[in-house]
$ cat my_file.txt   # compact mmCIF, C-alpha atoms
# COMPACT_ATOMS: atom_id res chain seq x y z
CA MET G 1277 0.00 0.00 0.00
CA PHE G 1278 3.03 2.33 0.24
CA ASP G 1279 4.23 1.41 -3.26
CA SER G 1280 2.25 3.86 -5.34
CA THR G 1281 1.59 7.57 -5.19
CA ASP G 1282 -1.90 7.03 -6.59
CA ALA G 1283 -2.92 3.64 -5.32
CA ASN G 1284 -6.62 4.32 -5.14
CA HIS G 1285 -7.77 4.10 -8.74
CA SER G 1286 -9.13 0.56 -8.44
CA ASN G 1287 -12.03 1.62 -6.23
CA GLY G 1288 -12.81 4.96 -7.79
CA ARG G 1289 -11.22 6.89 -4.94
CA SER G 1290 -8.34 8.68 -6.57
CA LYS G 1291 -6.79 10.71 -3.79
CA PRO G 1292 -3.01 10.70 -4.17
CA LEU G 1293 -0.91 9.24 -1.38
CA SER G 1294 2.11 11.09 0.00
CA PRO G 1295 5.49 10.16 -1.48
CA HIS G 1296 7.91 7.96 0.41
CA LEU G 1297 9.33 9.62 3.50
CA THR G 1298 12.51 7.62 2.90
CA VAL G 1299 13.37 9.23 -0.46
CA TYR G 1300 12.85 12.77 0.84
CA LYS G 1301 16.10 14.49 1.85
CA PRO G 1302 15.79 15.31 5.58
CA GLN G 1303 15.85 19.00 6.49
CA LEU G 1304 14.98 20.75 9.75
CA THR G 1305 11.59 21.73 8.32
CA SER G 1306 10.67 18.23 7.13
CA ILE G 1307 11.87 16.61 10.36
CA LEU G 1308 9.75 19.01 12.43
CA SER G 1309 6.76 18.29 10.19
CA ILE G 1310 7.18 14.53 10.61
CA LEU G 1311 7.64 15.04 14.38
CA HIS G 1312 4.42 17.07 14.51
CA ARG G 1313 2.55 14.15 13.00
CA SER G 1314 4.23 11.43 15.03
CA THR G 1315 3.78 13.32 18.32
CA GLY G 1316 0.14 13.81 17.30
CA VAL G 1317 -0.33 10.07 16.78
CA ALA G 1318 1.49 9.34 20.06
CA LEU G 1319 -0.71 11.84 21.93
CA ALA G 1320 -3.83 10.22 20.45
CA ALA G 1321 -2.59 6.96 22.00
CA GLY G 1322 -1.75 8.90 25.17
CA THR G 1323 -5.41 9.83 25.65
CA LEU G 1324 -5.89 6.14 26.52
CA LEU G 1325 -3.45 6.61 29.45
CA ILE G 1326 -5.39 9.64 30.68
CA SER G 1327 -8.57 7.59 30.40
CA TYR G 1328 -6.97 4.74 32.39
CA TRP G 1329 -5.84 7.18 35.11
CA LEU G 1330 -9.32 8.74 35.43
CA VAL G 1331 -11.08 5.36 35.47
CA ALA G 1332 -8.59 4.04 38.07
CA THR G 1333 -9.33 7.09 40.25
CA MET G 1334 -13.06 6.44 39.85
CA ALA G 1335 -12.63 2.72 40.72
CA GLY G 1336 -11.20 3.46 44.19
CA PRO G 1337 -7.98 3.74 46.22
CA ASP G 1338 -6.64 0.26 45.32
CA TYR G 1339 -6.92 0.85 41.58
CA PHE G 1340 -5.56 4.37 42.00
CA ASP G 1341 -2.52 3.00 43.83
CA SER G 1342 -1.78 0.42 41.15
CA ALA G 1343 -2.04 3.14 38.49
CA TYR G 1344 0.31 5.28 40.61
CA ALA G 1345 2.74 2.35 40.90
CA LEU G 1346 2.67 1.87 37.13
CA PHE G 1347 3.22 5.57 36.34
CA SER G 1348 6.00 5.96 38.93
CA SER G 1349 7.91 2.86 37.79
CA TRP G 1350 10.97 3.60 35.63
CA ILE G 1351 9.14 2.57 32.47
CA GLY G 1352 6.14 4.70 33.51
CA ARG G 1353 8.40 7.68 34.13
CA ILE G 1354 10.04 7.31 30.70
CA LEU G 1355 6.57 7.06 29.14
CA LEU G 1356 5.37 10.17 31.00
CA PHE G 1357 8.56 12.08 30.12
CA CYS G 1358 8.04 11.26 26.42
CA TRP G 1359 4.33 12.12 26.72
CA SER G 1360 5.08 15.51 28.32
CA TRP G 1361 7.66 16.39 25.65
CA ALA G 1362 5.32 15.21 22.86
CA ALA G 1363 2.50 17.37 24.28
CA ILE G 1364 4.72 20.45 24.71
CA TYR G 1365 6.35 19.99 21.28
CA HIS G 1366 3.01 19.45 19.51
CA LEU G 1367 1.56 22.50 21.28
CA SER G 1368 4.56 24.75 20.40
CA ASN G 1369 4.78 23.56 16.82
CA GLY G 1370 0.99 23.81 16.61
CA ILE G 1371 1.26 27.55 17.38
CA ARG G 1372 3.82 27.70 14.53
CA HIS G 1373 1.29 26.05 12.21
CA LEU G 1374 -1.49 28.42 13.36
CA SER G 1375 0.72 31.42 12.59
CA TRP G 1376 1.27 30.04 9.07
CA ASP G 1377 -2.51 29.77 8.73
CA LEU G 1378 -2.59 33.52 9.41
CA GLY G 1379 0.13 34.00 6.77
CA ILE G 1380 2.79 34.91 9.33
CA GLY G 1381 6.37 33.60 9.23
CA PHE G 1382 6.35 31.95 5.83
CA SER G 1383 9.85 32.99 4.68
CA LEU G 1384 12.54 30.31 4.67
CA LYS G 1385 14.53 32.24 7.28
CA ALA G 1386 11.51 32.67 9.58
CA THR G 1387 10.55 28.99 9.17
CA TYR G 1388 13.99 27.82 10.26
CA LEU G 1389 14.14 30.33 13.12
CA SER G 1390 10.69 29.36 14.48
CA GLY G 1391 11.59 25.68 14.04
CA THR G 1392 14.73 26.09 16.13
CA VAL G 1393 12.80 28.07 18.76
CA VAL G 1394 10.18 25.28 18.95
CA ILE G 1395 12.77 22.49 19.39
CA VAL G 1396 14.85 24.37 22.00
CA SER G 1397 11.90 25.76 23.98
CA SER G 1398 10.06 22.40 24.05
CA LEU G 1399 13.16 20.72 25.50
CA ILE G 1400 13.77 23.52 28.04
CA PHE G 1401 10.12 23.57 29.13
CA THR G 1402 10.01 19.76 29.47
CA LEU G 1403 13.17 19.73 31.60
CA LEU G 1404 11.86 22.63 33.73
CA LEU G 1405 8.61 20.74 34.23
CA TRP G 1406 10.43 17.62 35.40
CA SER G 1407 12.70 19.64 37.68
CA ILE G 1408 9.64 20.75 39.70
CA VAL G 1409 7.97 17.30 39.76
CA MET K 1271 -20.07 24.20 4.72
CA PRO K 1272 -18.25 21.49 2.71
CA SER K 1273 -16.88 18.74 4.93
CA ALA K 1274 -13.22 19.48 4.07
CA SER K 1275 -13.58 23.17 5.04
CA LEU K 1276 -15.39 22.20 8.22
CA HIS K 1277 -12.62 19.68 9.01
CA TRP K 1278 -9.95 22.37 8.48
CA LYS K 1279 -11.83 24.90 10.61
CA MET K 1280 -12.59 22.48 13.45
CA GLN K 1281 -8.98 21.27 13.56
CA ARG K 1282 -7.79 24.88 14.04
CA LEU K 1283 -10.53 25.85 16.51
CA SER K 1284 -9.93 22.76 18.67
CA ALA K 1285 -6.17 23.44 18.47
CA ILE K 1286 -6.62 27.01 19.74
CA ALA K 1287 -8.88 25.85 22.60
CA LEU K 1288 -6.44 23.09 23.49
CA ILE K 1289 -3.47 25.48 23.98
CA PRO K 1290 -4.58 26.79 27.41
CA LEU K 1291 -6.34 23.49 28.31
CA THR K 1292 -3.22 21.39 27.67
CA LEU K 1293 -0.97 23.81 29.58
CA TRP K 1294 -3.43 23.70 32.49
CA PHE K 1295 -3.58 19.87 32.36
CA ILE K 1296 0.22 19.43 32.22
CA MET K 1297 0.79 21.85 35.14
CA SER K 1298 -2.01 20.19 37.16
CA ILE K 1299 -0.64 16.68 36.58
CA ALA K 1300 2.86 17.89 37.48
CA SER K 1301 1.62 19.37 40.75
CA LEU K 1302 -0.29 16.13 41.48
CA ALA K 1303 2.68 13.89 40.60
CA HIS K 1304 3.09 12.59 44.17
CA ALA K 1305 -0.45 13.18 45.39
CA ASP K 1306 -2.45 10.41 47.09
CA TYR K 1307 -5.91 9.13 46.18
CA THR K 1308 -7.83 11.56 48.39
CA THR K 1309 -5.99 14.60 47.01
CA VAL K 1310 -6.53 13.59 43.36
CA HIS K 1311 -10.17 12.68 44.06
CA GLN K 1312 -10.75 16.07 45.70
CA TRP K 1313 -8.97 17.87 42.87
CA ILE K 1314 -11.22 16.23 40.25
CA SER K 1315 -14.34 17.12 42.30
CA THR K 1316 -13.90 20.89 42.20
CA PRO K 1317 -16.27 22.66 39.72
CA LEU K 1318 -13.42 24.33 37.80
CA THR K 1319 -11.57 21.03 37.34
CA ILE K 1320 -14.72 19.19 36.26
CA GLY K 1321 -15.44 21.80 33.58
CA LEU K 1322 -11.87 22.05 32.31
CA LEU K 1323 -11.32 18.26 32.39
CA ILE K 1324 -14.51 17.60 30.40
CA LEU K 1325 -13.44 20.21 27.84
CA PHE K 1326 -9.86 18.87 27.70
CA VAL K 1327 -10.90 15.21 27.34
CA SER K 1328 -13.57 15.82 24.68
CA LEU K 1329 -11.67 18.40 22.64
CA SER K 1330 -8.44 16.39 22.62
CA ALA K 1331 -10.33 13.30 21.40
CA HIS K 1332 -12.01 15.39 18.69
CA HIS K 1333 -8.68 16.95 17.67
CA ALA K 1334 -7.04 13.49 17.71
CA ILE K 1335 -9.69 12.03 15.37
CA LEU K 1336 -9.34 14.98 12.94
CA GLY K 1337 -5.55 14.65 13.01
CA MET K 1338 -5.52 10.87 12.62
CA GLN K 1339 -7.78 11.25 9.58
CA VAL K 1340 -5.29 13.63 7.91
CA VAL K 1341 -2.32 11.35 8.63
CA LEU K 1342 -4.13 8.19 7.48
CA GLU K 1343 -5.41 9.87 4.29
CA ASP K 1344 -1.83 10.66 3.32
CA TYR K 1345 -0.35 7.20 3.82
CA VAL K 1346 -3.12 4.59 3.71
CA SER K 1347 -5.27 3.83 0.69
CA GLU K 1348 -8.74 2.29 0.58
CA PRO K 1349 -10.11 -0.07 1.77
CA LEU K 1350 -7.60 -0.07 4.67
CA PHE K 1351 -8.14 3.63 5.29
CA THR K 1352 -11.80 3.20 6.25
CA GLN K 1353 -11.02 0.13 8.37
CA PHE K 1354 -8.15 1.80 10.31
CA PHE K 1355 -10.05 5.05 10.74
CA THR K 1356 -13.18 3.28 11.98
CA VAL K 1357 -11.20 1.32 14.59
CA ILE K 1358 -9.41 4.50 15.75
CA ARG K 1359 -12.70 6.39 16.05
CA ILE K 1360 -14.33 3.58 18.04
CA VAL K 1361 -11.33 3.25 20.41
CA LEU K 1362 -11.12 7.01 21.00
CA PHE K 1363 -14.90 7.25 21.46
CA ILE K 1364 -14.91 4.47 24.10
CA ALA K 1365 -11.88 5.94 25.91
CA THR K 1366 -13.47 9.40 25.96
CA ALA K 1367 -16.81 8.04 27.14
CA LEU K 1368 -15.04 6.19 29.99
CA SER K 1369 -13.11 9.35 30.94
CA LEU K 1370 -16.31 11.41 31.02
CA ILE K 1371 -18.13 8.76 33.07
CA ALA K 1372 -15.19 8.68 35.50
CA ILE K 1373 -15.14 12.49 35.87
CA VAL K 1374 -18.91 12.70 36.45
CA LYS K 1375 -18.96 9.76 38.89
CA ILE K 1376 -16.06 11.19 40.92
CA ALA K 1377 -17.83 14.57 40.99
CA LEU K 1378 -21.13 13.01 42.13
CA GLU K 1379 -19.45 10.99 44.91
CA THR K 1380 -18.38 14.15 46.72
CA LEU K 1381 -21.72 15.94 46.42
$ encode --input "my_file.txt" --output "structure tokens"
Amino acid sequence: MFDSTDANHSNGRSKPLSPHLTVYKPQLTSILSILHRSTGVALAAGTLLISYWLVATMAGPDYFDSAYALFSSWIGRILLFCWSWAAIYHLSNGIRHLSWDLGIGFSLKATYLSGTVVIVSSLIFTLLLWSIV
Amino acid sequence: MPSASLHWKMQRLSAIALIPLTLWFIMSIASLAHADYTTVHQWISTPLTIGLLILFVSLSAHHAILGMQVVLEDYVSEPLFTQFFTVIRIVLFIATALSLIAIVKIALETL
């Protein structure tokens, strides 16, 4: 299904598919775009964790404690660290996308500058967040 | 409004609403990182939290479905697209429904 750029002709749906990510020369802008999508997909999966946490709290102290044990284990902490960075990155880069929707910051120079700001600030904010936890 | 324009508009509107909601949620979770059951239960029961949590949970699920549709459309062709997207919508719908039930039940317990 990833072999063709217009794989949908057989069923009358002729929307083109995106080209291979692997043949596209990586640049800061393309990497940030791919990261925006992959953090978005990860955050969609992350909503299941939020759901689990809320349901565990509803179910009572025992379930809450086992959820707490899971989230405070080393694997839970790594997961939460990745989740927090993904959320902060997606939010920051989302503001970048919204500014493009308003026609602001479209030049190549501005795009690279805002991209660098997004990467650096998302890392700083994530580390600051974890330093207070 | 054509469905593609509505999709585009809703994705942006939910994104804008989710900026303050996500910041609030992250900061709240961070401050509750070591909190016990009673503290978390009490936090969820306050009117402000109930309102913001319901908004955060529903809008993030809506935004997630809109976003997943865009990503899937770009990389997955029919008939797999419809199958994947249907499964994702069902899973996110159930998860969101469970979250909302949990929030409301916790809120009612403390009334």
$ atom_distance --input "my_file.txt" --atom1 "CA of Leu1362 in chain K" --atom2 "CA of His1332 in chain K"
8.7 Å
$ residues_around --input "my_file.txt" --residues "range 1354-1368 of chain G" --least-positions-apart "3" --cutoff "8 Å" --atoms "only C-alpha atoms" --output "list in words"
His1312, Thr1315, Gly1316, Ala1318, Leu1319, Gly1322, Phe1347, Trp1350, Ile1351, Ile1371, Arg1372, Val1394, Ile1395, Ser1398, Leu1399, Phe1401, Thr1402 and Trp1406 of chain G; Ile1289, Thr1292 and Ile1296 of chain K
$ write_last_selection --input "my_file.txt" --atoms "C-alpha atoms" --output "JSON list (two decimals), keeping the file's coordinate frame"
[["chain", "number", "residue", "atom", "x", "y", "z"],
["G", 1312, "HIS", "CA", 4.42, 17.07, 14.51],
["G", 1315, "THR", "CA", 3.78, 13.32, 18.32],
["G", 1316, "GLY", "CA", 0.14, 13.81, 17.30],
["G", 1318, "ALA", "CA", 1.49, 9.34, 20.06],
["G", 1319, "LEU", "CA", -0.71, 11.84, 21.93],
["G", 1322, "GLY", "CA", -1.75, 8.90, 25.17],
["G", 1347, "PHE", "CA", 3.22, 5.57, 36.34],
["G", 1350, "TRP", "CA", 10.97, 3.60, 35.63],
["G", 1351, "ILE", "CA", 9.14, 2.57, 32.47],
["G", 1371, "ILE", "CA", 1.26, 27.55, 17.38],
["G", 1372, "ARG", "CA", 3.82, 27.70, 14.53],
["G", 1394, "VAL", "CA", 10.18, 25.28, 18.95],
["G", 1395, "ILE", "CA", 12.77, 22.49, 19.39],
["G", 1398, "SER", "CA", 10.06, 22.40, 24.05],
["G", 1399, "LEU", "CA", 13.16, 20.72, 25.50],
["G", 1401, "PHE", "CA", 10.12, 23.57, 29.13],
["G", 1402, "THR", "CA", 10.01, 19.76, 29.47],
["G", 1406, "TRP", "CA", 10.43, 17.62, 35.40],
["K", 1289, "ILE", "CA", -3.47, 25.48, 23.98],
["K", 1292, "THR", "CA", -3.22, 21.39, 27.67],
["K", 1296, "ILE", "CA", 0.22, 19.43, 32.22]]
$ closest_residue --input "my_file.txt" --among "G:Ala1332, G:Leu1308, G:Ala1320, G:Leu1389" --to "chain K" --atoms "only C-alpha atoms"
G:Ala1320
$ closest_atom_pairs --input "my_file.txt" --of "chain K" --to "chain G" --cutoff "9 Å" --atoms "all atoms listed in the file" --output "JSON lines"
{"residue": "K:Arg1282", "atom": "CA", "partner": "G:Leu1374", "partner_atom": "CA", "distance": 7.3}
{"residue": "K:Ala1285", "atom": "CA", "partner": "G:Gly1370", "partner_atom": "CA", "distance": 7.4}
{"residue": "K:Ile1286", "atom": "CA", "partner": "G:Ile1371", "partner_atom": "CA", "distance": 8.2}
{"residue": "K:Leu1288", "atom": "CA", "partner": "G:Leu1367", "partner_atom": "CA", "distance": 8.3}
{"residue": "K:Ile1289", "atom": "CA", "partner": "G:Leu1367", "partner_atom": "CA", "distance": 6.4}
{"residue": "K:Thr1292", "atom": "CA", "partner": "G:Ala1363", "partner_atom": "CA", "distance": 7.8}
{"residue": "K:Leu1293", "atom": "CA", "partner": "G:Ile1364", "partner_atom": "CA", "distance": 8.2}
{"residue": "K:Ile1296", "atom": "CA", "partner": "G:Ser1360", "partner_atom": "CA", "distance": 7.4}
{"residue": "K:Met1297", "atom": "CA", "partner": "G:Leu1405", "partner_atom": "CA", "distance": 8.0}
{"residue": "K:Ala1300", "atom": "CA", "partner": "G:Val1409", "partner_atom": "CA", "distance": 5.6}
{"residue": "K:Ser1301", "atom": "CA", "partner": "G:Val1409", "partner_atom": "CA", "distance": 6.8}
{"residue": "K:Leu1302", "atom": "CA", "partner": "G:Val1409", "partner_atom": "CA", "distance": 8.5}
{"residue": "K:Ala1303", "atom": "CA", "partner": "G:Val1409", "partner_atom": "CA", "distance": 6.3}
{"residue": "K:His1304", "atom": "CA", "partner": "G:Val1409", "partner_atom": "CA", "distance": 8.1}
{"residue": "K:Asp1306", "atom": "CA", "partner": "G:Asp1341", "partner_atom": "CA", "distance": 8.1}
{"residue": "K:Tyr1307", "atom": "CA", "partner": "G:Pro1337", "partner_atom": "CA", "distance": 5.8}
{"residue": "K:Thr1308", "atom": "CA", "partner": "G:Pro1337", "partner_atom": "CA", "distance": 8.1}
{"residue": "K:Val1310", "atom": "CA", "partner": "G:Thr1333", "partner_atom": "CA", "distance": 7.7}
{"residue": "K:His1311", "atom": "CA", "partner": "G:Thr1333", "partner_atom": "CA", "distance": 6.8}
{"residue": "K:Val1327", "atom": "CA", "partner": "G:Thr1323", "partner_atom": "CA", "distance": 7.9}
{"residue": "K:Ser1330", "atom": "CA", "partner": "G:Thr1323", "partner_atom": "CA", "distance": 7.8}
{"residue": "K:Ala1331", "atom": "CA", "partner": "G:Ala1320", "partner_atom": "CA", "distance": 7.3}
{"residue": "K:His1333", "atom": "CA", "partner": "G:Ala1320", "partner_atom": "CA", "distance": 8.7}
{"residue": "K:Ala1334", "atom": "CA", "partner": "G:Ala1320", "partner_atom": "CA", "distance": 5.3}
{"residue": "K:Ile1335", "atom": "CA", "partner": "G:Ala1320", "partner_atom": "CA", "distance": 8.0}
{"residue": "K:Gly1337", "atom": "CA", "partner": "G:Gly1316", "partner_atom": "CA", "distance": 7.2}
{"residue": "K:Met1338", "atom": "CA", "partner": "G:Val1317", "partner_atom": "CA", "distance": 6.7}
{"residue": "K:Val1341", "atom": "CA", "partner": "G:Arg1313", "partner_atom": "CA", "distance": 7.1}
{"residue": "K:Glu1343", "atom": "CA", "partner": "G:Leu1293", "partner_atom": "CA", "distance": 7.3}
{"residue": "K:Asp1344", "atom": "CA", "partner": "G:Leu1293", "partner_atom": "CA", "distance": 5.0}
{"residue": "K:Tyr1345", "atom": "CA", "partner": "G:Leu1293", "partner_atom": "CA", "distance": 5.6}
{"residue": "K:Val1346", "atom": "CA", "partner": "G:Met1277", "partner_atom": "CA", "distance": 6.7}
{"residue": "K:Ser1347", "atom": "CA", "partner": "G:Asn1284", "partner_atom": "CA", "distance": 6.0}
{"residue": "K:Glu1348", "atom": "CA", "partner": "G:Asn1284", "partner_atom": "CA", "distance": 6.4}
{"residue": "K:Pro1349", "atom": "CA", "partner": "G:Asn1287", "partner_atom": "CA", "distance": 8.4}
{"residue": "K:Leu1350", "atom": "CA", "partner": "G:Met1277", "partner_atom": "CA", "distance": 8.9}
{"residue": "K:Val1361", "atom": "CA", "partner": "G:Leu1324", "partner_atom": "CA", "distance": 8.7}
{"residue": "K:Leu1362", "atom": "CA", "partner": "G:Leu1324", "partner_atom": "CA", "distance": 7.7}
{"residue": "K:Ala1365", "atom": "CA", "partner": "G:Ser1327", "partner_atom": "CA", "distance": 5.8}
{"residue": "K:Thr1366", "atom": "CA", "partner": "G:Ser1327", "partner_atom": "CA", "distance": 6.9}
{"residue": "K:Ala1367", "atom": "CA", "partner": "G:Ser1327", "partner_atom": "CA", "distance": 8.9}
{"residue": "K:Leu1368", "atom": "CA", "partner": "G:Ser1327", "partner_atom": "CA", "distance": 6.6}
{"residue": "K:Ser1369", "atom": "CA", "partner": "G:Ser1327", "partner_atom": "CA", "distance": 4.9}
{"residue": "K:Leu1370", "atom": "CA", "partner": "G:Ser1327", "partner_atom": "CA", "distance": 8.7}
{"residue": "K:Ile1371", "atom": "CA", "partner": "G:Val1331", "partner_atom": "CA", "distance": 8.2}
{"residue": "K:Ala1372", "atom": "CA", "partner": "G:Val1331", "partner_atom": "CA", "distance": 5.3}
{"residue": "K:Ile1373", "atom": "CA", "partner": "G:Leu1330", "partner_atom": "CA", "distance": 6.9}
{"residue": "K:Lys1375", "atom": "CA", "partner": "G:Met1334", "partner_atom": "CA", "distance": 6.8}
{"residue": "K:Ile1376", "atom": "CA", "partner": "G:Met1334", "partner_atom": "CA", "distance": 5.7}
$ atom_distance --input "my_file.txt" --atom1 "CA of Leu1325 in chain K" --atom2 "CA of Ile1310 in chain G"
27.5 Å
$ atom_distance --input "my_file.txt" --atom1 "CA of Leu1403 in chain G" --atom2 "CA of Ile1299 in chain K"
15.0 Å
$ axis_aligned_box --input "my_file.txt" --around "range 1274-1292 of chain K" --padding-each-side "3 Å" --output "lines of an AutoDock Vina configuration file"
center_x = -9.3
center_y = 23.2
center_z = 16.2
size_x = 18.2
size_y = 13.5
size_z = 30.2
$ closest_residue --input "my_file.txt" --among "K:Val1374, K:Leu1322, K:Val1357, K:Leu1336" --to "Ser1298 in chain K" --atoms "only C-alpha atoms"
K:Leu1322
